[in-house]
Amino acid sequence: MAPDSRGTPPGTRPSARILVVGGGYVGMYTALRLQRKLRQRLRSGEAEIVVVTPDPYMTYQPFLPEAAAGSISPRHVVVPLRRVLKNCTIVIGEAERVDHAKRTVTVTTLATGEDGTGALEIPYDELVLAPGSVSRTLPVPGLADFGIGFKTVEEAIGLRNHVIEQMDIASATRDPAIRDAALTFVFVGGGYAGVEALAELEDMARYTSRYYHNIKPSDLRWILVEATGRILPEVGEAMGKYAVRELRGRNIDVRLDTRLDSCEGRVAVLSDGARFPTRTLVWTAGVKPAPILAATDLPLTERGRIRCTATLSVDGAEHAWAAGDAAAVPDLTSSEPGTETAPNAQHAVRQAKVLADNIVATLAGRPAQDYRHSYAGSVASLGLHKGVAHVYGRKLKGYPAWLMHRVYHLSRVPTFNRKARVLAEWTLAGLFKREIVSLGSLEHPRAEFALAARGLVHPGPPEQTPPKDDRPPDTSR
């Protein structure tokens, strides 16, 4: 008996159980290709694919900025794993430990704390480690209390709600200091996530301001803080400089070679001495490997990634494979020895294909193939109808780059269903006006009922702060 959709522990083993840890790019695409390649063996019970993931969906992260801006519905940014991986067993839970010597993975599920039976131990024959990465934070005073991440669809929609709520506060307050802080938005990190999130939200907020009688676009203050001397390094130096000029032309304060020193008391203190009272601080300054990698007996690099060979097998560990952000994969296309492939979505999707084929080849007794892929280039959006691109040596900017950004990511988002829905939303967004509604109360759906059930008078809108404090009092206990 295999684990069912509720996470029941495995029973009788098939002849080959492939356990995939992670449901992101690598996890989903690897499992998807494996279920196609092993269709007959899956039907006969000779093979089984088990996917362990904390979320029942894969998030297409390049669409998060557009979801935050309201150009795409949140449900169309995610791909439900149960629908796509019909011939796989999905276990919703966290992988806590990997013991490759015993070929087992310890998993805690949603039911672990309810039924009191403890964590599951799932045995496997072939292991695919693809847990991805998590936000890389620094010990900046106040960051844990006031910072907002931008890596999940929940964070993207929460940030959209937060920005509109700050405009509501600024419109209603009679305190100039509160108004200025509410209309000041600080983004730390000049990579894809930071630049695209800031650009899309600035576009959205500027449009939204027309519906406020006392807020003008010039009242909004947007600040991008980057520790190095350039932004968007993936698109090349020339396009990076163009992006800076484009953002500054929209009155966005881009500060290069600058770090965030503190954000205590809702004041962003920068290394150049500037201080900005703000109620919004978005942290997108890099990622680091998922914590599960430290709880394995597999070899890791100095940066905490799994040491892999060119075939995507774990170096020195048979029947273990890895790819994506969590894996240090040799870049065979580089002329410099020791170079590793960049931890980005382009490599992750292509590595997943090779990884799945190599597992199938191994099960059939055939040799595995090396992963070899030259980097095609990068595209980035700078808001509606604006972008930069560096693809196959060609540089594009403005509308052509923005159009290429949309075409490329539309072609890469999984399933025809999602492609059609996203295209339909883009079409409708071009015909009708933007939505400017904040649905922050969705994060606390029981709050209103709990107050009514206790016979309490609604206290009015709670004071809005970043994630830790940006919520009504907990009355559900």
# chains A, B, ... in the order shown; residues from 1 in each chain; ligands from 1
$ residues_around --residues "Ala352 of chain A" --least-positions-apart "6" --cutoff "7 Å" --atoms "only C-alpha atoms" --output "PDB file with C-alpha atoms, in the first residue's frame"
ATOM      1  CA  VAL A  26      12.766  20.430 -10.364  1.00  0.00           C
ATOM      2  CA  TYR A  29       9.062  18.579 -13.808  1.00  0.00           C
ATOM      3  CA  THR A  30      11.101  15.532 -12.785  1.00  0.00           C
ATOM      4  CA  ALA A 323      19.185  19.616  -9.272  1.00  0.00           C
TER       5      ALA A 323
END
$ residues_around --residues "segment 291-302 of chain A" --least-positions-apart "2" --cutoff "10 Å" --atoms "only C-alpha atoms" --output "PyMOL selection string"
chain A and resi 21+94-101+105+129-134+288-289+304-308+314-317+320+326-328
$ residues_around --residues "Val195 of chain A" --least-positions-apart "4" --cutoff "8 Å" --atoms "only C-alpha atoms" --output "MDAnalysis selection string"
chainID A and resid 189:191 199 224 231:232 382
$ residues_around --residues "Leu19 of chain A" --least-positions-apart "5" --cutoff "9 Å" --atoms "only C-alpha atoms" --output "list of chain:residue names"
A:Glu48, A:Ile49, A:Val50, A:Val51, A:Val52, A:Val105, A:Ile122, A:Pro123, A:Tyr124, A:Asp125, A:Glu126, A:Leu127, A:Val128, A:Leu129
$ residues_around --residues "Thr108 of chain A" --least-positions-apart "3" --cutoff "6 Å" --atoms "only C-alpha atoms" --output "compact mmCIF listing (two decimals) with N, CA, C and O atoms, in the first residue's frame"
# COMPACT_ATOMS: atom_id res chain seq x y z
N GLY A 93 3.80 17.44 3.31
CA GLY A 93 4.53 17.43 4.57
C GLY A 93 5.93 17.98 4.40
O GLY A 93 6.37 18.32 3.29
N GLU A 94 6.64 18.08 5.51
CA GLU A 94 8.00 18.60 5.52
C GLU A 94 8.98 17.45 5.70
O GLU A 94 8.85 16.66 6.64
N THR A 112 0.52 14.81 11.60
CA THR A 112 1.48 14.30 12.58
C THR A 112 1.14 14.73 14.00
O THR A 112 1.13 13.93 14.92
N ALA A 119 6.34 11.16 13.22
CA ALA A 119 6.72 11.38 11.83
C ALA A 119 6.76 10.07 11.05
O ALA A 119 6.91 8.99 11.62
$ residues_around --residues "Glu226 of chain A" --least-positions-apart "2" --cutoff "9 Å" --atoms "only C-alpha atoms" --output "ChimeraX atom specification"
/A:187-191,224,228-231,254-260,285
$ write_last_selection --atoms "N, CA, C and O atoms" --output "PDB file, in the first residue's frame"
ATOM      1  N   PHE A 187      12.664  48.737  -0.900  1.00  0.00           N
ATOM      2  CA  PHE A 187      12.954  47.384  -1.385  1.00  0.00           C
ATOM      3  C   PHE A 187      14.457  47.156  -1.298  1.00  0.00           C
ATOM      4  O   PHE A 187      15.235  47.963  -1.814  1.00  0.00           O
ATOM      5  N   VAL A 188      14.852  46.055  -0.681  1.00  0.00           N
ATOM      6  CA  VAL A 188      16.274  45.727  -0.537  1.00  0.00           C
ATOM      7  C   VAL A 188      16.597  44.536  -1.431  1.00  0.00           C
ATOM      8  O   VAL A 188      16.040  43.456  -1.256  1.00  0.00           O
ATOM      9  N   GLY A 189      17.500  44.741  -2.393  1.00  0.00           N
ATOM     10  CA  GLY A 189      17.883  43.684  -3.315  1.00  0.00           C
ATOM     11  C   GLY A 189      17.588  44.085  -4.743  1.00  0.00           C
ATOM     12  O   GLY A 189      16.425  44.345  -5.092  1.00  0.00           O
ATOM     13  N   GLY A 190      18.622  44.108  -5.593  1.00  0.00           N
ATOM     14  CA  GLY A 190      18.462  44.554  -6.971  1.00  0.00           C
ATOM     15  C   GLY A 190      18.477  43.432  -7.980  1.00  0.00           C
ATOM     16  O   GLY A 190      18.819  43.661  -9.152  1.00  0.00           O
ATOM     17  N   GLY A 191      18.088  42.222  -7.565  1.00  0.00           N
ATOM     18  CA  GLY A 191      17.960  41.115  -8.499  1.00  0.00           C
ATOM     19  C   GLY A 191      16.594  41.116  -9.155  1.00  0.00           C
ATOM     20  O   GLY A 191      15.838  42.095  -9.078  1.00  0.00           O
ATOM     21  N   LEU A 224      15.001  51.732  -3.899  1.00  0.00           N
ATOM     22  CA  LEU A 224      15.629  50.438  -4.160  1.00  0.00           C
ATOM     23  C   LEU A 224      17.051  50.479  -3.630  1.00  0.00           C
ATOM     24  O   LEU A 224      17.848  51.336  -4.030  1.00  0.00           O
ATOM     25  N   THR A 228      25.574  46.030  -4.294  1.00  0.00           N
ATOM     26  CA  THR A 228      26.621  46.075  -5.312  1.00  0.00           C
ATOM     27  C   THR A 228      26.447  47.310  -6.191  1.00  0.00           C
ATOM     28  O   THR A 228      25.554  48.125  -5.966  1.00  0.00           O
ATOM     29  N   GLY A 229      27.281  47.416  -7.221  1.00  0.00           N
ATOM     30  CA  GLY A 229      27.245  48.605  -8.063  1.00  0.00           C
ATOM     31  C   GLY A 229      26.327  48.498  -9.253  1.00  0.00           C
ATOM     32  O   GLY A 229      26.337  49.387 -10.122  1.00  0.00           O
ATOM     33  N   ARG A 230      25.502  47.436  -9.342  1.00  0.00           N
ATOM     34  CA  ARG A 230      24.599  47.281 -10.483  1.00  0.00           C
ATOM     35  C   ARG A 230      23.382  46.465 -10.082  1.00  0.00           C
ATOM     36  O   ARG A 230      23.389  45.766  -9.075  1.00  0.00           O
ATOM     37  N   ILE A 231      22.323  46.584 -10.879  1.00  0.00           N
ATOM     38  CA  ILE A 231      21.119  45.782 -10.663  1.00  0.00           C
ATOM     39  C   ILE A 231      20.938  44.853 -11.864  1.00  0.00           C
ATOM     40  O   ILE A 231      21.529  45.071 -12.930  1.00  0.00           O
ATOM     41  N   VAL A 254      17.078  54.897  -6.676  1.00  0.00           N
ATOM     42  CA  VAL A 254      17.918  53.694  -6.763  1.00  0.00           C
ATOM     43  C   VAL A 254      19.261  54.000  -6.115  1.00  0.00           C
ATOM     44  O   VAL A 254      19.990  54.895  -6.560  1.00  0.00           O
ATOM     45  N   ARG A 255      19.580  53.249  -5.055  1.00  0.00           N
ATOM     46  CA  ARG A 255      20.826  53.486  -4.315  1.00  0.00           C
ATOM     47  C   ARG A 255      21.732  52.269  -4.454  1.00  0.00           C
ATOM     48  O   ARG A 255      21.453  51.221  -3.865  1.00  0.00           O
ATOM     49  N   LEU A 256      22.797  52.417  -5.248  1.00  0.00           N
ATOM     50  CA  LEU A 256      23.750  51.337  -5.465  1.00  0.00           C
ATOM     51  C   LEU A 256      24.875  51.417  -4.438  1.00  0.00           C
ATOM     52  O   LEU A 256      25.085  52.456  -3.809  1.00  0.00           O
ATOM     53  N   ASP A 257      25.603  50.300  -4.280  1.00  0.00           N
ATOM     54  CA  ASP A 257      26.699  50.224  -3.298  1.00  0.00           C
ATOM     55  C   ASP A 257      26.223  50.682  -1.922  1.00  0.00           C
ATOM     56  O   ASP A 257      26.938  51.385  -1.196  1.00  0.00           O
ATOM     57  N   THR A 258      25.013  50.297  -1.588  1.00  0.00           N
ATOM     58  CA  THR A 258      24.394  50.713  -0.329  1.00  0.00           C
ATOM     59  C   THR A 258      23.772  49.499   0.355  1.00  0.00           C
ATOM     60  O   THR A 258      23.205  48.630  -0.308  1.00  0.00           O
ATOM     61  N   ARG A 259      23.873  49.443   1.675  1.00  0.00           N
ATOM     62  CA  ARG A 259      23.308  48.344   2.453  1.00  0.00           C
ATOM     63  C   ARG A 259      22.280  48.868   3.444  1.00  0.00           C
ATOM     64  O   ARG A 259      22.312  50.043   3.823  1.00  0.00           O
ATOM     65  N   LEU A 260      21.408  47.968   3.852  1.00  0.00           N
ATOM     66  CA  LEU A 260      20.467  48.280   4.928  1.00  0.00           C
ATOM     67  C   LEU A 260      21.145  47.940   6.249  1.00  0.00           C
ATOM     68  O   LEU A 260      21.483  46.788   6.500  1.00  0.00           O
ATOM     69  N   ALA A 285      16.976  40.163  -0.905  1.00  0.00           N
ATOM     70  CA  ALA A 285      18.430  40.130  -1.084  1.00  0.00           C
ATOM     71  C   ALA A 285      18.981  38.712  -1.076  1.00  0.00           C
ATOM     72  O   ALA A 285      19.744  38.318  -0.199  1.00  0.00           O
TER      73      ALA A 285
END
$ select_by_dssp --residues "segment 128-349 of chain A" --states "helix (DSSP H, G or I)" --output "count of residues only"
86
$ residues_around --residues "segment 339-341 of chain A" --least-positions-apart "2" --cutoff "12 Å" --atoms "only C-alpha atoms" --output "PyMOL selection string"
chain A and resi 301+303+305-310+312+323-337+343-348+350-351+371-375
$ select_by_dssp --residues "segment 299-364 of chain A" --states "strand (DSSP E)" --output "list in words"
Ile306, Arg307, Ala320, Trp321, Ala322, Ala327 and Ala328 of chain A
$ closest_residue --among "A:Gly398, A:Pro277, A:Gly240, A:Pro141" --to "Ile223 of chain A" --atoms "only C-alpha atoms"
A:Pro277
$ atom_distance --atom1 "atom CA of Ala243 of chain A" --atom2 "atom CA of Glu202 of chain A"
14.5 Å
$ atom_distance --atom1 "atom CA of Ala342 of chain A" --atom2 "atom CA of His405 of chain A"
19.4 Å
$ closest_residue --among "A:Gly147, A:Gly194, A:Pro65, A:Gly22" --to "Gly265 of chain A" --atoms "only C-alpha atoms"
A:Gly147
$ decode --residues "segment 167-191 of chain A" --atoms "N, CA, C and O atoms" --output "compact mmCIF listing (two decimals), in the first residue's frame"
# COMPACT_ATOMS: atom_id res chain seq x y z
N MET A 167 -1.88 53.17 1.48
CA MET A 167 -2.45 54.33 0.82
C MET A 167 -3.74 54.74 1.50
O MET A 167 -4.04 55.95 1.61
N ASP A 168 -4.52 53.77 1.99
CA ASP A 168 -5.73 54.08 2.75
C ASP A 168 -5.38 54.84 4.03
O ASP A 168 -6.05 55.81 4.40
N ILE A 169 -4.34 54.37 4.71
CA ILE A 169 -3.90 55.03 5.95
C ILE A 169 -3.44 56.45 5.66
O ILE A 169 -3.81 57.41 6.36
N ALA A 170 -2.62 56.60 4.61
CA ALA A 170 -2.11 57.93 4.27
C ALA A 170 -3.24 58.89 3.91
O ALA A 170 -3.18 60.08 4.22
N SER A 171 -4.26 58.36 3.27
CA SER A 171 -5.38 59.21 2.86
C SER A 171 -6.21 59.66 4.06
O SER A 171 -6.80 60.75 4.03
N ALA A 172 -6.26 58.84 5.10
CA ALA A 172 -7.15 59.13 6.23
C ALA A 172 -6.47 59.82 7.41
O ALA A 172 -7.13 60.50 8.19
N THR A 173 -5.16 59.65 7.56
CA THR A 173 -4.49 60.18 8.74
C THR A 173 -4.35 61.70 8.69
O THR A 173 -4.28 62.30 7.61
N ARG A 174 -4.30 62.29 9.88
CA ARG A 174 -4.05 63.73 9.99
C ARG A 174 -2.65 64.02 10.50
O ARG A 174 -2.30 65.17 10.74
N ASP A 175 -1.85 62.95 10.64
CA ASP A 175 -0.47 63.08 11.11
C ASP A 175 0.47 63.03 9.91
O ASP A 175 0.58 61.99 9.25
N PRO A 176 1.16 64.12 9.59
CA PRO A 176 2.05 64.13 8.41
C PRO A 176 3.15 63.06 8.48
O PRO A 176 3.54 62.51 7.45
N ALA A 177 3.64 62.75 9.69
CA ALA A 177 4.72 61.76 9.82
C ALA A 177 4.21 60.37 9.45
O ALA A 177 4.90 59.60 8.77
N ILE A 178 3.00 60.04 9.90
CA ILE A 178 2.41 58.74 9.56
C ILE A 178 2.14 58.67 8.06
O ILE A 178 2.38 57.64 7.42
N ARG A 179 1.67 59.76 7.49
CA ARG A 179 1.38 59.79 6.06
C ARG A 179 2.66 59.54 5.25
O ARG A 179 2.67 58.71 4.33
N ASP A 180 3.73 60.24 5.60
CA ASP A 180 4.98 60.09 4.86
C ASP A 180 5.52 58.67 4.98
O ASP A 180 6.01 58.09 3.99
N ALA A 181 5.46 58.10 6.19
CA ALA A 181 5.95 56.74 6.39
C ALA A 181 5.11 55.73 5.62
O ALA A 181 5.63 54.76 5.06
N ALA A 182 3.79 55.96 5.57
CA ALA A 182 2.90 55.04 4.86
C ALA A 182 3.14 55.07 3.36
O ALA A 182 2.96 54.05 2.68
N LEU A 183 3.57 56.20 2.85
CA LEU A 183 3.77 56.34 1.40
C LEU A 183 5.23 56.14 0.99
O LEU A 183 5.61 56.46 -0.15
N THR A 184 6.06 55.62 1.90
CA THR A 184 7.46 55.32 1.60
C THR A 184 7.64 53.82 1.56
O THR A 184 7.35 53.12 2.53
N PHE A 185 8.14 53.31 0.43
CA PHE A 185 8.28 51.87 0.22
C PHE A 185 9.73 51.55 -0.11
O PHE A 185 10.26 52.03 -1.12
N VAL A 186 10.37 50.76 0.74
CA VAL A 186 11.79 50.43 0.60
C VAL A 186 11.94 48.97 0.19
O VAL A 186 11.40 48.07 0.86
N PHE A 187 12.66 48.74 -0.90
CA PHE A 187 12.95 47.38 -1.39
C PHE A 187 14.46 47.16 -1.30
O PHE A 187 15.24 47.96 -1.81
N VAL A 188 14.85 46.06 -0.68
CA VAL A 188 16.27 45.73 -0.54
C VAL A 188 16.60 44.54 -1.43
O VAL A 188 16.04 43.46 -1.26
N GLY A 189 17.50 44.74 -2.39
CA GLY A 189 17.88 43.68 -3.32
C GLY A 189 17.59 44.08 -4.74
O GLY A 189 16.43 44.35 -5.09
N GLY A 190 18.62 44.11 -5.59
CA GLY A 190 18.46 44.55 -6.97
C GLY A 190 18.48 43.43 -7.98
O GLY A 190 18.82 43.66 -9.15
N GLY A 191 18.09 42.22 -7.57
CA GLY A 191 17.96 41.12 -8.50
C GLY A 191 16.59 41.12 -9.15
O GLY A 191 15.84 42.10 -9.08
